[in-house]
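S.K.: One structure is given below, represented as structure tokens, and several questions about it will come after.
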Amino acid sequence: MTPAPVIIAIDGRSGAGKTTLAVELAARLRQHHKVSLFHLEDIYPGWNGLAAGIERYVTTVLAPLRHGVAAEWVSWDWEKHYDGTAHTTLPAEIVVVEGVGAAAEAARPLLDAVVWVEAPAEDRRRRALDRDGSGYEPYWDTWAEQEQEWLETDDVPAHADIHVLNQADGDAPDDLMQALNYLPALSAVLAPELSARRGLQLLSERIDAEPRAETLFQALYGASRNAVWLDSSNAATANAAPGPAGGQAAPSEAAARSRFSILADDGGTFGQSVLHRSGSTRVTAGCATADVASPFFRWLDTVWGRRAVRAPEGYECEFTLGWLGYLGYELKRETGGSDVPADTPDSALLFAGRAVVIDHQEGAAWLLALDAPDAGDWLAQARSAVQDAAKPEAAVVASRPAPLPPSFTSRDSRADYLRKIKEAQQEITEGNSYEVCLTTTVSAPDPGLDPWQGYLALRRRNPAPFASYLRFGGLTVASTSPERFLRIASDGVMRAEPIKGTRARANDPVIDEHLRKDLAGSLKDRAENIMIVDLLRNDLSHFAVPGSVTVSRLCAIESYATVHQMVSTIDAQLRPGAPRSEAVAAAFPAGSMTGAPKISTMDILDRLEDGPRGVYSGAIGYFSLNAASDLAVVIRTLVVNDDGGERTLSLGVGGAITADSEPAEEYEEIRTKAFGVLSALGTEFPED
């Protein structure tokens with residue numbers, strides 16, 4: 001008896017391409033493993049024998065193999081229509097079983113992974129007849145009826161770990177291999193494949209020209225279903241930012257945060273996307289989709305945190321390809337908060353195996369691609385697109401006629417929000433919190449807004465160092481965030497830069513300077529900011545080298561297009577060997593969006609807010625292949641969500657409530673924070 005093998009079942013209707021897929025998969029697995037392959041078509045007892053064939057397969061083939069014993073079985077003679085010769089299938093490290101019924105209900109307890117292969121009905125019939133010839137044609141309908149009857153009582157697709165939409169274009173085997181790597185049940189046996197994936201080669205090319213980013217994004221990714229643009233939209237002004245007397249960050253700080261923009265999608269050999277909802281992670285690699293039941297941060301730890309590539313010579317950005325997207329606020333269920341379902345995914349990420357990084361300081365663009373058969377073609381395409389977008393005559397992205405301005409309504413009326421402020425203050429009085437970051441949401445039916453044009457209007461109206469445009473199918477996130485949540489550099493240096501304290505900008509320079517000084521001297525705003533600094537010092541300390549947590553900037557004033565902000569900076573050094581995904585989780589969600597102490601205050605917020613925050617209050621950024629990460633807080637962000645029903649627009653806004661907050665002033669503050677986004681859309685904060 002040999003050790004029990006790992007058994008992978010490939011199931012699906014006739015003609016879906018299961019046999020070819022199984023043969024190709026087995027060939028790839030044999031590079032590192034001993035593999036046995038069994039086809040169910042060898043054991044069905046005739047054209048009416050689907051049910052009997054499944055029973056034979058489970059008892060004479062699958063059960064022995066599951067226990068590491070050779071399977072003795074009798075094939076079917078399709079010419080004589082009777083039992084044929086006896087056969088033996090030996091156990092191996094991995095066994096692949098393929099055919100209609102391979103993952104039937106009786107078989108599933110004996111399997112380690114279930115793959116369901118799909119294809120359009122017309123394609124399936126054509127493929128099956130092309131493969132098996134005219135001898136199959138008279139029996140097609142009979143067999144199809146058996147399949148339908150079986151699936152009506154045994155919903156195999158609902159129990160599949162991986163779904164493959166087989167287009168018969170040659171991509172399915174490689175896509176399936178990528179998806180199999182995410183299944184926890186296969187992680188041990190596929191360790192050699194995972195090691196091979198970590199031996200990646202990064203190709204790079206520097207182009208000494210700065211392209212118009214919006215033109216470049218449209219040229220490369222305008223038609224992509226999933227795409228991300230991490231957009232330092234204030235780069236043009238950051239390098240010339242005045243010093244503290246002028247109300248902005250020191251030039252070096254502003255320039256560092258606004259130096260790079262990253263543009264990518266999930267195309268190419270390595271491209272993948274991830275959607276996480278309530279403890280389930282769905283990973284899509286080309287035509288294959290894997291569903292993994294796992295907490296998000298545990299899944300993140302399996303794909304990020306180890307250095308897999310080295311940065312090119314002379315390249316100073318910390319992003320060396322990897323995962324980009326957002327983490328929604330409701331992931332707090334994994335970090336001490338309660339479980340609140342949201343209308344949007346709790347996280348949406350794409351894996352970029354190729355990207356363009358614009359260095360605004362150097363006036364250059366870097367093309368990055370993991371070495372793959374399609375890398376050369378993409379580099380040529382990207383090179384041409386960068387050069388075209390860098391020409392002085394490069395076209396500004398044409399705008400479409402603007403729809404009617406959206407008509408927003410608020411989840412809370414003014415009276416409701418004022419009441420909730422008082423309830424938050426009562427919680428503070430009772431000692432349940434020191435500071436409560438209360439939020440609300442304004443939303444509107446979509447009046448026909450083009451999300452892309454909407455984002456371009458936002459970035460013109462309110463340029464910011466952590467602006468971003470994310471598209472994941474029918475979900476678009478358009479952010480003009482000025483706030484860094486957390487950066488972990490490749491060498492382990494951590495930095496958080498919370499914002500607490502806001503004043504609206506004024507057109508009159510004298511009044512504007514008065515507002516800036518009023519913010520700088522506000523004891524209330526300083527108290528709010530310092531409380532969050534203390535919270536973040538604690539968050540970073542969980543995985544920091546003892547004694548390394550420092551506050552390098554306290555209650556500084558930064559000025560943006562529509563607001564002045566009070567900002568602090570906390571730095572720390574990650575402990576060697578500490579799990580980076582857990583360091584992110586320890587600080588999530590951002591303390592500036594919860595209040596302090598974090599866990600008890602999140603419970604108060606769930607009770608007061610009467611609904612999920614969704615993408616708002618989460619984080620947007622990247623998790624790089626060199627183990628670096630840079631994430632912004634999701635504020636000043638429009639979310640356009642089309643989940644198959646009515647498309648909606650939403651914007652989250654809020655502010656910190658303390659014991660000495662004036663409710664009317666707090667309400668005016670959320671109106672101020674909403675102004676930058678709403679004014680760009682040609683609308684105003686909803687009145688009661």
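Chain labels run A, B, ... following the order of the structure tokens; each chain numbers its residues from 1, and ligands are numbered from 1 in the order shown.
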Show me, as a count of residues only, the residues that have an atom within 9 Å of range 168-180 of chain A when counting only C-alpha atoms, minus same-chain residues fewer than 4 positions from it.
M.R.: 32
S.K.: Env of Ser548 in chain A: 12 Å cut, atoms = only C-alpha atoms, seq-sep filter 4 positions within chain, self excluded. Answer as a VMD selection string.
M.R.: chain A and resid 492 to 495 537 to 538 540 to 544 552 570 to 575
S.K.: Could you check the closest approach to Arg503 in chain A for each of A:Arg460, A:Arg225, A:His564, A:Arg607 and tell me which residue wins, using only C-alpha atoms?
M.R.: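 Of A:Arg460, A:Arg225, A:His564, A:Arg607, the one nearest Arg503 in chain A is A:His564, counting only C-alpha atoms.
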S.K.: What's the 8 Å shell around range 362-379 of chain A, counting only C-alpha atoms, without same-chain residues fewer than 6 positions away, as JSON, numbers by chain?
M.R.: {"A": [200, 201, 202, 203, 204, 205, 206, 207, 208, 209, 210, 211, 268, 269, 270, 320, 321, 353, 354, 355, 356, 386]}
S.K.: Keeping N, CA and C atoms, export the residues of the selection given above as a PDB file, in the first residue's frame.
M.R.:
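Everything below was put into selection.pdb:
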ATOM      1  N   LEU A 200      10.665  34.114 -10.222  1.00  0.00           N
ATOM      2  CA  LEU A 200      10.225  34.954 -11.326  1.00  0.00           C
ATOM      3  C   LEU A 200      11.340  35.880 -11.787  1.00  0.00           C
ATOM      4  N   GLN A 201      11.333  36.202 -13.069  1.00  0.00           N
ATOM      5  CA  GLN A 201      12.292  37.137 -13.633  1.00  0.00           C
ATOM      6  C   GLN A 201      11.554  38.404 -14.054  1.00  0.00           C
ATOM      7  N   LEU A 202      12.043  39.540 -13.580  1.00  0.00           N
ATOM      8  CA  LEU A 202      11.409  40.818 -13.879  1.00  0.00           C
ATOM      9  C   LEU A 202      12.141  41.500 -15.033  1.00  0.00           C
ATOM     10  N   LEU A 203      11.404  41.762 -16.109  1.00  0.00           N
ATOM     11  CA  LEU A 203      11.930  42.512 -17.238  1.00  0.00           C
ATOM     12  C   LEU A 203      11.563  43.979 -17.057  1.00  0.00           C
ATOM     13  N   SER A 204      12.445  44.873 -17.440  1.00  0.00           N
ATOM     14  CA  SER A 204      12.166  46.295 -17.246  1.00  0.00           C
ATOM     15  C   SER A 204      12.773  47.117 -18.372  1.00  0.00           C
ATOM     16  N   GLU A 205      12.197  48.287 -18.563  1.00  0.00           N
ATOM     17  CA  GLU A 205      12.707  49.224 -19.563  1.00  0.00           C
ATOM     18  C   GLU A 205      12.345  50.638 -19.123  1.00  0.00           C
ATOM     19  N   ARG A 206      13.321  51.518 -19.119  1.00  0.00           N
ATOM     20  CA  ARG A 206      13.076  52.919 -18.781  1.00  0.00           C
ATOM     21  C   ARG A 206      12.963  53.733 -20.066  1.00  0.00           C
ATOM     22  N   ILE A 207      11.931  54.581 -20.111  1.00  0.00           N
ATOM     23  CA  ILE A 207      11.746  55.490 -21.236  1.00  0.00           C
ATOM     24  C   ILE A 207      11.831  56.908 -20.683  1.00  0.00           C
ATOM     25  N   ASP A 208      12.752  57.688 -21.185  1.00  0.00           N
ATOM     26  CA  ASP A 208      12.960  59.041 -20.671  1.00  0.00           C
ATOM     27  C   ASP A 208      11.978  60.014 -21.307  1.00  0.00           C
ATOM     28  N   ALA A 209      10.740  59.809 -20.967  1.00  0.00           N
ATOM     29  CA  ALA A 209       9.660  60.693 -21.411  1.00  0.00           C
ATOM     30  C   ALA A 209       8.504  60.496 -20.445  1.00  0.00           C
ATOM     31  N   GLU A 210       7.821  61.574 -20.107  1.00  0.00           N
ATOM     32  CA  GLU A 210       6.694  61.467 -19.179  1.00  0.00           C
ATOM     33  C   GLU A 210       5.389  61.542 -19.955  1.00  0.00           C
ATOM     34  N   PRO A 211       4.660  60.433 -20.040  1.00  0.00           N
ATOM     35  CA  PRO A 211       3.419  60.430 -20.807  1.00  0.00           C
ATOM     36  C   PRO A 211       2.283  61.112 -20.051  1.00  0.00           C
ATOM     37  N   GLY A 268      -2.498  39.203 -19.649  1.00  0.00           N
ATOM     38  CA  GLY A 268      -1.242  38.492 -19.811  1.00  0.00           C
ATOM     39  C   GLY A 268      -1.174  37.176 -19.068  1.00  0.00           C
ATOM     40  N   THR A 269      -0.036  36.525 -19.198  1.00  0.00           N
ATOM     41  CA  THR A 269       0.162  35.184 -18.648  1.00  0.00           C
ATOM     42  C   THR A 269      -0.101  35.116 -17.151  1.00  0.00           C
ATOM     43  N   PHE A 270       0.339  36.106 -16.414  1.00  0.00           N
ATOM     44  CA  PHE A 270       0.251  36.044 -14.952  1.00  0.00           C
ATOM     45  C   PHE A 270      -0.976  36.770 -14.391  1.00  0.00           C
ATOM     46  N   THR A 320       7.077  46.556  -7.566  1.00  0.00           N
ATOM     47  CA  THR A 320       7.765  45.740  -8.563  1.00  0.00           C
ATOM     48  C   THR A 320       6.825  44.656  -9.090  1.00  0.00           C
ATOM     49  N   LEU A 321       5.611  45.065  -9.443  1.00  0.00           N
ATOM     50  CA  LEU A 321       4.504  44.210  -9.865  1.00  0.00           C
ATOM     51  C   LEU A 321       3.932  43.471  -8.649  1.00  0.00           C
ATOM     52  N   GLY A 353       0.968  41.279 -13.753  1.00  0.00           N
ATOM     53  CA  GLY A 353       2.239  40.707 -14.168  1.00  0.00           C
ATOM     54  C   GLY A 353       2.980  41.608 -15.127  1.00  0.00           C
ATOM     55  N   ARG A 354       2.377  42.788 -15.381  1.00  0.00           N
ATOM     56  CA  ARG A 354       3.001  43.810 -16.214  1.00  0.00           C
ATOM     57  C   ARG A 354       2.331  45.134 -15.894  1.00  0.00           C
ATOM     58  N   ALA A 355       3.088  46.214 -15.960  1.00  0.00           N
ATOM     59  CA  ALA A 355       2.557  47.518 -15.565  1.00  0.00           C
ATOM     60  C   ALA A 355       3.458  48.618 -16.088  1.00  0.00           C
ATOM     61  N   VAL A 356       2.904  49.835 -16.103  1.00  0.00           N
ATOM     62  CA  VAL A 356       3.686  51.036 -16.398  1.00  0.00           C
ATOM     63  C   VAL A 356       3.739  51.875 -15.125  1.00  0.00           C
ATOM     64  N   VAL A 386       3.420  54.624 -24.563  1.00  0.00           N
ATOM     65  CA  VAL A 386       4.085  55.652 -23.749  1.00  0.00           C
ATOM     66  C   VAL A 386       4.631  56.765 -24.640  1.00  0.00           C
TER      67      VAL A 386
END
S.K.: DSSP says alpha helix (DSSP H) for which residues of range 101-207 of chain A? Put them as an NGL selection string?
M.R.: :A and (121-132 or 140-153 or 156-159 or 172-180 or 191-198)
S.K.: To one decimal in Å, tell me the separation between CA of Arg411 in chain A and CA of Arg613 in chain A.
M.R.: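 Computed distance, CA of Arg411 in chain A to CA of Arg613 in chain A, equals 11.3 Å.
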S.K.: Just the number, please: distance in Å from CA of Ile604 in chain A to CA of Glu666 in chain A, one decimal.
M.R.: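 These atoms are spaced 17.8 Å apart.
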S.K.: Give me, as a list of chain:residue names, all polymer residues having an atom no more than 12 Å from Tyr221 in chain A, counting only C-alpha atoms and skipping those fewer than 5 positions away in the same chain.
M.R.: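 Skipping anything fewer than 5 positions along the chain leaves A:Ala213, A:Glu214, A:Thr215, A:Leu216, A:Asn226, A:Ala227, A:Val228, A:Trp229, A:Leu263, A:Ala264, A:Asp265, A:Asp266, A:Gly267, A:Arg354, A:Ala355, A:Val356, A:Gln381, A:Ala382, A:Ala385, A:Trp452, A:Tyr469, A:Leu470, A:Arg471.
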S.K.: When you look at Asp518 in chain A with a cut-off of 12 Å (counting only C-alpha atoms), what residues show up, excluding the ones that are within fewer than 3 positions of it in the same chain? I need them as a count of residues only.
M.R.: 21
S.K.: With a distance cut-off of 7 Å and only C-alpha atoms, select the neighbouring residues of Gly676 in chain A, excluding the residue or stretch itself and same-chain residues fewer than 4 positions from it, and output the selection as an MDAnalysis selection string.
M.R.: chainID A and resid 461:462 562 680
S.K.: Could you write out the selected residues, including C-alpha atoms, as an mmCIF file, in the first residue's frame?
M.R.:
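Written out: again.cif:
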data_model
loop_
_atom_site.group_PDB
_atom_site.id
_atom_site.type_symbol
_atom_site.label_atom_id
_atom_site.label_comp_id
_atom_site.auth_asym_id
_atom_site.auth_seq_id
_atom_site.Cartn_x
_atom_site.Cartn_y
_atom_site.Cartn_z
ATOM 1 C CA ARG A 461 -11.104 69.482 -9.156
ATOM 2 C CA ASN A 462 -9.257 67.923 -6.252
ATOM 3 C CA THR A 562 -10.494 72.329 -1.370
ATOM 4 C CA ALA A 680 -16.908 67.957 -9.464
#
S.K.: Show which residues sit within 12 Å of Leu151 in chain A, as a ChimeraX atom specification. Count only C-alpha atoms, and ignore same-chain residues fewer than 3 positions away.
M.R.: /A:11-13,50-51,100-101,103-105,144-148,154-159
S.K.: Considering only strand (DSSP E or B) as DSSP defines it on the backbone, what residues of range 347-451 of chain A qualify? List them as JSON, numbers by chain.
M.R.: {"A": [347, 348, 349, 350, 351, 352, 354, 355, 356, 357, 358, 359, 364, 365, 366, 367, 368, 369, 370, 409, 410, 435, 436, 437, 438, 439, 440, 441, 442, 443, 444, 445]}
S.K.: Hey, can you check how far CA of Thr594 in chain A sits from CA of Gly305 in chain A?
M.R.: 26.2 Å
S.K.: Ranking A:Leu554, A:Ala352, A:Ala342, A:Leu404 by minimum distance to Ser624 in chain A and counting only C-alpha atoms, which one comes first?
M.R.: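 Closest residue, counting only C-alpha atoms: A:Ala352.
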